[in-house]
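Text of upload_2.pdb (PDB, C-alpha atoms and all ligand atoms) as supplied:
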```pdb
ATOM      1  CA  MET P   1       9.385   5.598   3.308  1.00  0.00           C
ATOM      2  CA  PHE P   2      10.356   9.193   2.540  1.00  0.00           C
ATOM      3  CA  SER P   3       9.196  12.246   4.429  1.00  0.00           C
ATOM      4  CA  ASN P   4       8.142  15.367   2.589  1.00  0.00           C
ATOM      5  CA  THR P   5       8.347  13.921  -0.901  1.00  0.00           C
ATOM      6  CA  ILE P   6       5.648  13.412  -3.518  1.00  0.00           C
ATOM      7  CA  VAL P   7       5.580  11.494  -6.797  1.00  0.00           C
ATOM      8  CA  PHE P   8       3.315  12.778  -9.560  1.00  0.00           C
ATOM      9  CA  ILE P   9       2.082   9.811 -11.560  1.00  0.00           C
ATOM     10  CA  ASP P  10       0.781  10.637 -15.013  1.00  0.00           C
ATOM     11  CA  ALA P  11      -0.973   8.325 -17.474  1.00  0.00           C
ATOM     12  CA  GLY P  12      -1.098  10.101 -20.825  1.00  0.00           C
ATOM     13  CA  HIS P  13      -4.393  10.949 -22.603  1.00  0.00           C
ATOM     14  CA  GLY P  14      -7.885   9.654 -21.737  1.00  0.00           C
ATOM     15  CA  ALA P  15      -9.412   6.174 -21.602  1.00  0.00           C
ATOM     16  CA  ILE P  16     -12.839   4.515 -21.883  1.00  0.00           C
ATOM     17  CA  ASN P  17     -15.778   6.412 -20.387  1.00  0.00           C
ATOM     18  CA  LYS P  18     -18.908   4.864 -18.876  1.00  0.00           C
ATOM     19  CA  ALA P  19     -20.599   4.804 -22.273  1.00  0.00           C
ATOM     20  CA  GLY P  20     -17.724   2.744 -23.684  1.00  0.00           C
ATOM     21  CA  GLN P  21     -16.267   5.597 -25.729  1.00  0.00           C
ATOM     22  CA  TYR P  22     -12.568   6.373 -26.030  1.00  0.00           C
ATOM     23  CA  THR P  23     -12.216   9.931 -24.700  1.00  0.00           C
ATOM     24  CA  THR P  24      -9.006  10.885 -26.468  1.00  0.00           C
ATOM     25  CA  ALA P  25      -7.627  11.525 -29.975  1.00  0.00           C
ATOM     26  CA  PRO P  26      -7.918   8.758 -32.600  1.00  0.00           C
ATOM     27  CA  SER P  27      -4.140   8.985 -33.044  1.00  0.00           C
ATOM     28  CA  LYS P  28      -3.844   7.456 -29.565  1.00  0.00           C
ATOM     29  CA  MET P  29      -5.192   4.122 -30.781  1.00  0.00           C
ATOM     30  CA  PHE P  30      -4.280   1.645 -33.497  1.00  0.00           C
ATOM     31  CA  ARG P  31      -6.246  -1.129 -35.156  1.00  0.00           C
ATOM     32  CA  HIS P  32      -4.006  -4.096 -35.834  1.00  0.00           C
ATOM     33  CA  SER P  33      -4.783  -6.545 -38.621  1.00  0.00           C
ATOM     34  CA  LYS P  34      -4.615  -9.435 -36.162  1.00  0.00           C
ATOM     35  CA  GLY P  35      -4.385 -10.189 -32.455  1.00  0.00           C
ATOM     36  CA  THR P  36      -6.519  -9.177 -29.470  1.00  0.00           C
ATOM     37  CA  PHE P  37      -5.920  -5.912 -27.682  1.00  0.00           C
ATOM     38  CA  HIS P  38      -8.188  -3.571 -25.706  1.00  0.00           C
ATOM     39  CA  GLN P  39     -11.165  -3.414 -28.090  1.00  0.00           C
ATOM     40  CA  GLY P  40     -10.956  -6.355 -30.438  1.00  0.00           C
ATOM     41  CA  SER P  41      -7.807  -5.839 -32.480  1.00  0.00           C
ATOM     42  CA  THR P  42      -7.543  -2.170 -31.467  1.00  0.00           C
ATOM     43  CA  PHE P  43      -4.855  -1.053 -29.035  1.00  0.00           C
ATOM     44  CA  LEU P  44      -5.813   1.975 -26.903  1.00  0.00           C
ATOM     45  CA  GLU P  45      -2.754   3.846 -25.656  1.00  0.00           C
ATOM     46  CA  GLY P  46      -4.653   5.704 -22.914  1.00  0.00           C
ATOM     47  CA  VAL P  47      -5.975   2.440 -21.489  1.00  0.00           C
ATOM     48  CA  TRP P  48      -2.524   0.858 -21.535  1.00  0.00           C
ATOM     49  CA  ASN P  49      -0.957   3.918 -19.870  1.00  0.00           C
ATOM     50  CA  ARG P  50      -3.412   3.426 -16.974  1.00  0.00           C
ATOM     51  CA  THR P  51      -2.574  -0.269 -16.758  1.00  0.00           C
ATOM     52  CA  VAL P  52       1.050   0.531 -16.013  1.00  0.00           C
ATOM     53  CA  THR P  53       0.369   3.517 -13.726  1.00  0.00           C
ATOM     54  CA  ASN P  54      -2.164   1.467 -11.704  1.00  0.00           C
ATOM     55  CA  GLN P  55       0.568  -1.095 -11.113  1.00  0.00           C
ATOM     56  CA  VAL P  56       3.045   1.648 -10.110  1.00  0.00           C
ATOM     57  CA  MET P  57       0.534   3.126  -7.640  1.00  0.00           C
ATOM     58  CA  ARG P  58      -0.157  -0.297  -6.081  1.00  0.00           C
ATOM     59  CA  LYS P  59       3.561  -0.719  -5.472  1.00  0.00           C
ATOM     60  CA  LEU P  60       3.921   2.809  -4.039  1.00  0.00           C
ATOM     61  CA  ASP P  61       0.968   2.096  -1.698  1.00  0.00           C
ATOM     62  CA  VAL P  62       2.751  -0.939  -0.279  1.00  0.00           C
ATOM     63  CA  LEU P  63       5.893   1.101   0.324  1.00  0.00           C
ATOM     64  CA  GLY P  64       4.047   4.049   1.825  1.00  0.00           C
ATOM     65  CA  ILE P  65       5.448   6.481  -0.752  1.00  0.00           C
ATOM     66  CA  THR P  66       3.246   9.543  -1.204  1.00  0.00           C
ATOM     67  CA  TYR P  67       1.941  10.093  -4.721  1.00  0.00           C
ATOM     68  CA  ARG P  68      -0.785  11.904  -6.597  1.00  0.00           C
ATOM     69  CA  ALA P  69      -2.181  10.870  -9.971  1.00  0.00           C
ATOM     70  CA  LEU P  70      -2.398  13.652 -12.547  1.00  0.00           C
ATOM     71  CA  HIS P  71      -4.777  11.700 -14.780  1.00  0.00           C
ATOM     72  CA  HIS P  72      -8.428  10.806 -14.314  1.00  0.00           C
ATOM     73  CA  GLU P  73      -9.670   7.223 -14.438  1.00  0.00           C
ATOM     74  CA  TYR P  74     -10.920   7.861 -17.985  1.00  0.00           C
ATOM     75  CA  LEU P  75     -11.294  11.592 -18.693  1.00  0.00           C
ATOM     76  CA  ASP P  76      -8.620  13.224 -20.830  1.00  0.00           C
ATOM     77  CA  ASN P  77      -7.438  15.849 -18.334  1.00  0.00           C
ATOM     78  CA  SER P  78      -5.826  18.760 -20.162  1.00  0.00           C
ATOM     79  CA  LEU P  79      -2.077  19.192 -20.014  1.00  0.00           C
ATOM     80  CA  GLN P  80      -2.635  22.586 -18.360  1.00  0.00           C
ATOM     81  CA  GLN P  81      -4.688  20.938 -15.618  1.00  0.00           C
ATOM     82  CA  ARG P  82      -2.009  18.303 -15.031  1.00  0.00           C
ATOM     83  CA  VAL P  83       0.812  20.878 -14.906  1.00  0.00           C
ATOM     84  CA  ASP P  84      -1.188  23.140 -12.582  1.00  0.00           C
ATOM     85  CA  ALA P  85      -1.644  20.248 -10.139  1.00  0.00           C
ATOM     86  CA  VAL P  86       2.097  19.511 -10.169  1.00  0.00           C
ATOM     87  CA  ASN P  87       3.115  23.101  -9.573  1.00  0.00           C
ATOM     88  CA  TRP P  88       0.513  23.612  -6.823  1.00  0.00           C
ATOM     89  CA  TYR P  89       1.203  20.404  -4.879  1.00  0.00           C
ATOM     90  CA  ALA P  90       4.980  20.593  -5.345  1.00  0.00           C
ATOM     91  CA  LYS P  91       5.008  23.740  -3.183  1.00  0.00           C
ATOM     92  CA  GLN P  92       3.708  21.699  -0.242  1.00  0.00           C
ATOM     93  CA  PHE P  93       6.626  19.236  -0.406  1.00  0.00           C
ATOM     94  CA  GLU P  94      10.405  19.474  -0.271  1.00  0.00           C
ATOM     95  CA  ARG P  95      11.098  17.135  -3.156  1.00  0.00           C
ATOM     96  CA  SER P  96       8.977  15.865  -5.987  1.00  0.00           C
ATOM     97  CA  ILE P  97       9.220  14.090  -9.318  1.00  0.00           C
ATOM     98  CA  VAL P  98       6.935  13.652 -12.329  1.00  0.00           C
ATOM     99  CA  VAL P  99       6.797  10.325 -14.145  1.00  0.00           C
ATOM    100  CA  SER P 100       4.591  10.391 -17.243  1.00  0.00           C
ATOM    101  CA  SER P 101       3.710   7.096 -18.924  1.00  0.00           C
ATOM    102  CA  HIS P 102       2.972   6.752 -22.631  1.00  0.00           C
ATOM    103  CA  ALA P 103       3.401   4.321 -25.508  1.00  0.00           C
ATOM    104  CA  ASN P 104       4.630   5.400 -28.919  1.00  0.00           C
ATOM    105  CA  ALA P 105       3.531   5.231 -32.561  1.00  0.00           C
ATOM    106  CA  SER P 106       5.422   5.710 -35.817  1.00  0.00           C
ATOM    107  CA  ALA P 107       4.556   6.527 -39.416  1.00  0.00           C
ATOM    108  CA  THR P 108       5.363   3.079 -40.743  1.00  0.00           C
ATOM    109  CA  GLN P 109       4.439   0.835 -37.779  1.00  0.00           C
ATOM    110  CA  ALA P 110       7.971  -0.519 -38.099  1.00  0.00           C
ATOM    111  CA  ALA P 111       9.608   1.320 -35.191  1.00  0.00           C
ATOM    112  CA  ARG P 112      10.092  -0.581 -31.948  1.00  0.00           C
ATOM    113  CA  GLY P 113      11.576  -0.033 -28.521  1.00  0.00           C
ATOM    114  CA  PHE P 114      11.746   1.844 -25.257  1.00  0.00           C
ATOM    115  CA  GLU P 115      12.605   5.553 -24.928  1.00  0.00           C
ATOM    116  CA  ILE P 116      12.760   8.233 -22.239  1.00  0.00           C
ATOM    117  CA  TYR P 117      12.262  11.965 -22.837  1.00  0.00           C
ATOM    118  CA  THR P 118      13.375  14.984 -20.797  1.00  0.00           C
ATOM    119  CA  SER P 119      13.205  18.719 -21.451  1.00  0.00           C
ATOM    120  CA  PRO P 120      16.100  20.238 -23.450  1.00  0.00           C
ATOM    121  CA  GLY P 121      19.388  21.075 -21.748  1.00  0.00           C
ATOM    122  CA  THR P 122      21.157  19.437 -18.826  1.00  0.00           C
ATOM    123  CA  THR P 123      18.808  19.304 -15.866  1.00  0.00           C
ATOM    124  CA  GLU P 124      18.008  17.221 -12.816  1.00  0.00           C
ATOM    125  CA  SER P 125      15.615  15.297 -15.054  1.00  0.00           C
ATOM    126  CA  ASP P 126      18.553  13.826 -16.973  1.00  0.00           C
ATOM    127  CA  LYS P 127      19.696  12.146 -13.761  1.00  0.00           C
ATOM    128  CA  ILE P 128      16.281  10.478 -13.409  1.00  0.00           C
ATOM    129  CA  ALA P 129      16.260   9.419 -17.061  1.00  0.00           C
ATOM    130  CA  SER P 130      19.656   7.811 -16.653  1.00  0.00           C
ATOM    131  CA  ILE P 131      18.629   5.951 -13.479  1.00  0.00           C
ATOM    132  CA  HIS P 132      15.448   4.790 -15.168  1.00  0.00           C
ATOM    133  CA  TRP P 133      17.135   3.614 -18.347  1.00  0.00           C
ATOM    134  CA  ASN P 134      19.481   1.485 -16.241  1.00  0.00           C
ATOM    135  CA  ASN P 135      16.640   0.023 -14.191  1.00  0.00           C
ATOM    136  CA  VAL P 136      14.644  -1.064 -17.247  1.00  0.00           C
ATOM    137  CA  ASN P 137      17.773  -2.432 -18.875  1.00  0.00           C
ATOM    138  CA  LEU P 138      18.689  -4.404 -15.744  1.00  0.00           C
ATOM    139  CA  LEU P 139      15.189  -5.779 -15.074  1.00  0.00           C
ATOM    140  CA  ARG P 140      15.016  -7.134 -18.635  1.00  0.00           C
ATOM    141  CA  ASN P 141      17.297  -9.911 -17.335  1.00  0.00           C
ATOM    142  CA  PHE P 142      14.843 -11.083 -14.694  1.00  0.00           C
ATOM    143  CA  TYR P 143      11.488 -11.043 -16.503  1.00  0.00           C
ATOM    144  CA  PRO P 144      10.293 -13.764 -18.920  1.00  0.00           C
ATOM    145  CA  LEU P 145       9.955 -11.581 -22.027  1.00  0.00           C
ATOM    146  CA  GLY P 146      12.521  -8.990 -20.968  1.00  0.00           C
ATOM    147  CA  ALA P 147      14.995  -9.916 -23.680  1.00  0.00           C
ATOM    148  CA  GLN P 148      12.423  -9.007 -26.345  1.00  0.00           C
ATOM    149  CA  ILE P 149      12.223  -5.404 -25.144  1.00  0.00           C
ATOM    150  CA  ARG P 150      14.389  -3.235 -27.367  1.00  0.00           C
ATOM    151  CA  MET P 151      16.225  -0.292 -25.854  1.00  0.00           C
ATOM    152  CA  ARG P 152      16.153   2.478 -28.477  1.00  0.00           C
ATOM    153  CA  ASN P 153      19.494   4.202 -28.632  1.00  0.00           C
ATOM    154  CA  GLN P 154      19.489   7.933 -28.993  1.00  0.00           C
ATOM    155  CA  ALA P 155      20.870   9.783 -31.960  1.00  0.00           C
ATOM    156  CA  SER P 156      22.365  12.595 -29.884  1.00  0.00           C
ATOM    157  CA  GLY P 157      25.375  11.951 -27.702  1.00  0.00           C
ATOM    158  CA  SER P 158      25.787   9.347 -25.024  1.00  0.00           C
ATOM    159  CA  ASP P 159      22.682  10.325 -23.058  1.00  0.00           C
ATOM    160  CA  HIS P 160      19.952   7.767 -22.797  1.00  0.00           C
ATOM    161  CA  ASP P 161      17.266  10.405 -22.953  1.00  0.00           C
ATOM    162  CA  ASN P 162      15.662  12.200 -25.850  1.00  0.00           C
ATOM    163  CA  GLU P 163      15.110  15.882 -25.441  1.00  0.00           C
ATOM    164  CA  ALA P 164      11.773  17.287 -26.447  1.00  0.00           C
ATOM    165  CA  ASN P 165       9.598  20.253 -25.661  1.00  0.00           C
ATOM    166  CA  PHE P 166       6.713  18.193 -24.357  1.00  0.00           C
ATOM    167  CA  TYR P 167       4.365  20.458 -22.417  1.00  0.00           C
ATOM    168  CA  ILE P 168       4.347  18.297 -19.299  1.00  0.00           C
ATOM    169  CA  LEU P 169       8.171  18.393 -19.217  1.00  0.00           C
ATOM    170  CA  ARG P 170       8.542  22.074 -20.070  1.00  0.00           C
ATOM    171  CA  LYS P 171       5.914  23.618 -17.810  1.00  0.00           C
ATOM    172  CA  THR P 172       6.337  21.610 -14.613  1.00  0.00           C
ATOM    173  CA  ASN P 173       8.601  23.215 -12.006  1.00  0.00           C
ATOM    174  CA  VAL P 174      10.047  19.908 -10.820  1.00  0.00           C
ATOM    175  CA  PRO P 175      12.216  17.164 -12.362  1.00  0.00           C
ATOM    176  CA  ALA P 176      10.171  15.210 -14.894  1.00  0.00           C
ATOM    177  CA  ILE P 177      10.554  12.324 -17.320  1.00  0.00           C
ATOM    178  CA  LEU P 178       8.195  11.104 -20.024  1.00  0.00           C
ATOM    179  CA  ILE P 179       8.502   7.423 -20.871  1.00  0.00           C
ATOM    180  CA  GLU P 180       7.536   5.987 -24.255  1.00  0.00           C
ATOM    181  CA  HIS P 181       6.934   2.332 -23.453  1.00  0.00           C
ATOM    182  CA  LEU P 182       7.457   0.635 -26.835  1.00  0.00           C
ATOM    183  CA  PHE P 183       5.386   1.295 -29.982  1.00  0.00           C
ATOM    184  CA  PHE P 184       1.730   0.355 -29.663  1.00  0.00           C
ATOM    185  CA  ASP P 185       1.214   0.402 -33.458  1.00  0.00           C
ATOM    186  CA  ASN P 186       3.906  -2.219 -34.006  1.00  0.00           C
ATOM    187  CA  PHE P 187       2.384  -5.685 -33.640  1.00  0.00           C
ATOM    188  CA  ASP P 188       5.329  -7.253 -31.811  1.00  0.00           C
ATOM    189  CA  ASP P 189       5.715  -4.346 -29.384  1.00  0.00           C
ATOM    190  CA  ALA P 190       1.942  -4.160 -28.825  1.00  0.00           C
ATOM    191  CA  THR P 191       1.884  -7.889 -28.061  1.00  0.00           C
ATOM    192  CA  LEU P 192       4.630  -7.388 -25.468  1.00  0.00           C
ATOM    193  CA  LEU P 193       2.684  -4.511 -23.880  1.00  0.00           C
ATOM    194  CA  MET P 194      -0.334  -6.801 -23.341  1.00  0.00           C
ATOM    195  CA  ASP P 195       1.785  -9.178 -21.250  1.00  0.00           C
ATOM    196  CA  ASP P 196       1.318  -8.775 -17.485  1.00  0.00           C
ATOM    197  CA  SER P 197       4.965  -9.495 -16.739  1.00  0.00           C
ATOM    198  CA  VAL P 198       6.103  -6.796 -19.169  1.00  0.00           C
ATOM    199  CA  VAL P 199       3.745  -4.316 -17.500  1.00  0.00           C
ATOM    200  CA  ASP P 200       5.139  -5.355 -14.131  1.00  0.00           C
ATOM    201  CA  LEU P 201       8.718  -4.932 -15.348  1.00  0.00           C
ATOM    202  CA  PHE P 202       7.999  -1.359 -16.446  1.00  0.00           C
ATOM    203  CA  ALA P 203       6.124  -0.589 -13.192  1.00  0.00           C
ATOM    204  CA  GLU P 204       8.839  -2.090 -11.013  1.00  0.00           C
ATOM    205  CA  ALA P 205      11.476  -0.080 -12.854  1.00  0.00           C
ATOM    206  CA  GLN P 206       9.545   3.160 -12.206  1.00  0.00           C
ATOM    207  CA  VAL P 207       9.293   2.417  -8.489  1.00  0.00           C
ATOM    208  CA  ARG P 208      13.008   1.618  -8.199  1.00  0.00           C
ATOM    209  CA  THR P 209      13.865   4.794 -10.108  1.00  0.00           C
ATOM    210  CA  ILE P 210      11.721   6.872  -7.739  1.00  0.00           C
ATOM    211  CA  ILE P 211      13.397   5.338  -4.682  1.00  0.00           C
ATOM    212  CA  GLU P 212      16.922   5.694  -6.089  1.00  0.00           C
ATOM    213  CA  TYR P 213      16.313   9.305  -7.064  1.00  0.00           C
ATOM    214  CA  PHE P 214      14.945  10.305  -3.654  1.00  0.00           C
ATOM    215  CA  ASN P 215      17.863   8.493  -1.990  1.00  0.00           C
ATOM    216  CA  ALA P 216      20.489  10.196  -4.152  1.00  0.00           C
TER     217      ALA P 216
HETATM  218 ZN    ZN D 301       1.001   9.281 -25.566  1.00  0.00          ZN
END
```

Please lay out the structure from this file as structure tokens.
Ligand SMILES: [Zn+2]
Amino acid sequence: MFSNTIVFIDAGHGAINKAGQYTTAPSKMFRHSKGTFHQGSTFLEGVWNRTVTNQVMRKLDVLGITYRALHHEYLDNSLQQRVDAVNWYAKQFERSIVVSSHANASATQAARGFEIYTSPGTTESDKIASIHWNNVNLLRNFYPLGAQIRMRNQASGSDHDNEANFYILRKTNVPAILIEHLFFDNFDDATLLMDDSVVDLFAEAQVRTIIEYFNA
């Protein structure tokens, strides 16, 4: 679909190794008091991140859009390793973009909603964040549970992106966004994240954002 472009797809943290162990920090999982998630009532962020990125990569395959995953199927690749891959491969292409998928957690389990992060200051990444915010917001109208997805408004200014010094945003030499797909430690948000149509909404939005950005 595009010549000389590459999309770096990143699923945050690690997942379940062949021995059935979660390969990433305990903070990247949450045991709910009810419901069924990845391991009984426990929600595993790293596993969910791969669920959405797998769906994104399937869609990119169909469209013939070149991508490279920064994450391993289950190992918790270091941030340095992921950034090094971006900066090495980006040199071989004219245009590239990093889309990092995560889900969020809060101190009280009360926080809910969707957020996008970019590095501080006004950069090309802000353009992507704005496109992506609009795509998620729009697709909420066409998916069964879309209306239940809360769009978290930002404290600072009219931008739809939060600014943070996340390593993957700061150290990559190309435009990058980090998406916090709802709060996995909130029962209602976690329940939404387990729904296939919600996963598809978020994946579809990423693909449309990638296409719109490369076309702009
Ligand atoms: Zn995360």

(message) Using only C-alpha atoms and all ligand atoms, which residues have at least one atom no more than 6 Å from ligand ZN 301 (chain D)? Output them as number ranges by chain.
(response) P: 12, 102-103

(message) Which residues, named as in the file, does the PyMOL selection byres (((chain P and resi 113-120) around 6) and not hetatm) pick out? Answer as an NGL selection string.
(response) :P and (112 or 121 or 150-152 or 161-165 or 169-170 or 177-182)

(message) Selection in question (the file shown): the PyMOL selection byres (((chain P and resi 72-76) around 8) and not hetatm). Which residues does it include, as number ranges by chain?
(response) P: 13-17, 23-24, 50, 69-71, 77-78

(request) Can you work out which one of P:Gln206, P:Asn186, P:Thr5, P:Thr191 has the shortest atom-to-atom distance to Ser106 of chain P, counting all atoms listed in the file? (result) P:Asn186

Neighbouring residues of Met1 of chain P were defined as those with any atom within 8 Å, considering all atoms listed in the file; residues of the same chain fewer than 3 positions away were excluded. Please report them as an mmCIF file with C-alpha atoms, in the frame of the given file.
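So the final result, stored in selection_20.cif, reads:
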```cif
data_model
loop_
_atom_site.group_PDB
_atom_site.id
_atom_site.type_symbol
_atom_site.label_atom_id
_atom_site.label_comp_id
_atom_site.auth_asym_id
_atom_site.auth_seq_id
_atom_site.Cartn_x
_atom_site.Cartn_y
_atom_site.Cartn_z
ATOM 1 C CA LEU P 63 5.893 1.101 0.324
ATOM 2 C CA GLY P 64 4.047 4.049 1.825
ATOM 3 C CA ILE P 65 5.448 6.481 -0.752
#
```

(message) From the options P:Glu124, P:Glu45, P:Asp84, P:Glu204, which residue's atoms come nearest to Lys28 of chain P, counting all atoms listed in the file?
(response)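 Of P:Glu124, P:Glu45, P:Asp84, P:Glu204, the one nearest Lys28 of chain P, counting all atoms listed in the file, is P:Glu45.
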
Run the PyMOL selection byres (((chain P and resi 110) around 9) and not hetatm) against the file shown and list the residues it catches, as an mmCIF file with C-alpha atoms, in the coordinates of the input.
```
data_model
loop_
_atom_site.group_PDB
_atom_site.id
_atom_site.type_symbol
_atom_site.label_atom_id
_atom_site.label_comp_id
_atom_site.auth_asym_id
_atom_site.auth_seq_id
_atom_site.Cartn_x
_atom_site.Cartn_y
_atom_site.Cartn_z
ATOM 1 C CA SER P 106 5.422 5.710 -35.817
ATOM 2 C CA ALA P 107 4.556 6.527 -39.416
ATOM 3 C CA THR P 108 5.363 3.079 -40.743
ATOM 4 C CA GLN P 109 4.439 0.835 -37.779
ATOM 5 C CA ALA P 111 9.608 1.320 -35.191
ATOM 6 C CA ARG P 112 10.092 -0.581 -31.948
ATOM 7 C CA PHE P 183 5.386 1.295 -29.982
ATOM 8 C CA ASP P 185 1.214 0.402 -33.458
ATOM 9 C CA ASN P 186 3.906 -2.219 -34.006
ATOM 10 C CA PHE P 187 2.384 -5.685 -33.640
#
```

(message) Using all atoms listed in the file for the distances, tell me which of P:Phe202, P:Tyr67, P:Tyr22, P:Phe30 is nearest to Ser3 of chain P.
(response)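 Under the stated criterion, the closest residue is P:Tyr67.
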
(message) Ranking P:Val136, P:Ala176, P:Ile149, P:Ala129 by minimum distance to Val83 of chain P and counting all atoms listed in the file, which one comes first?
(response) P:Ala176

(message) Could you check the closest approach to Met29 of chain P for each of P:Asp126, P:Arg68, P:Trp88, P:Phe184 and tell me which residue wins, using only C-alpha atoms?
(response) P:Phe184

(request) For atom CA of Thr209 of chain P and atom CA of His132 of chain P, quote the distance in Å rounded to one decimal. (result)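 Separation between atom CA of Thr209 of chain P and atom CA of His132 of chain P: 5.3 Å.
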
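For the pair atom CA of Ile97 of chain P and atom CA of Ala25 of chain P, the separation is 26.8 Å.
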
(message) Between atom CA of Lys59 of chain P and atom CA of Gln21 of chain P, what distance in Å does the model show, to one decimal?
(response) 29.0 Å

(request) Just the residues within 9 Å of Asn87 of chain P, please, counting all atoms listed in the file, with nothing from its chain fewer than 3 positions along; format it as a list of chain:residue names. (result)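 Contacts, with the query itself left out: P:Arg82, P:Val83, P:Asp84, P:Ala90, P:Lys91, P:Lys171, P:Thr172, P:Asn173, P:Val174.
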
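With all atoms listed in the file as the atoms that count, the residue of P:Arg95, P:Ser125, P:Val86, P:Leu139 with the shortest distance to Asp200 of chain P is P:Leu139.
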
(message) Applying 10 Å and only C-alpha atoms, which residues near Gln148 of chain P remain after dropping the ones on its own chain fewer than 6 positions away? List them as a list in words.
(response)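 What passes the distance filter is Gly113, Arg140, Asp188, Asp189, Leu192 and Val198 of chain P.
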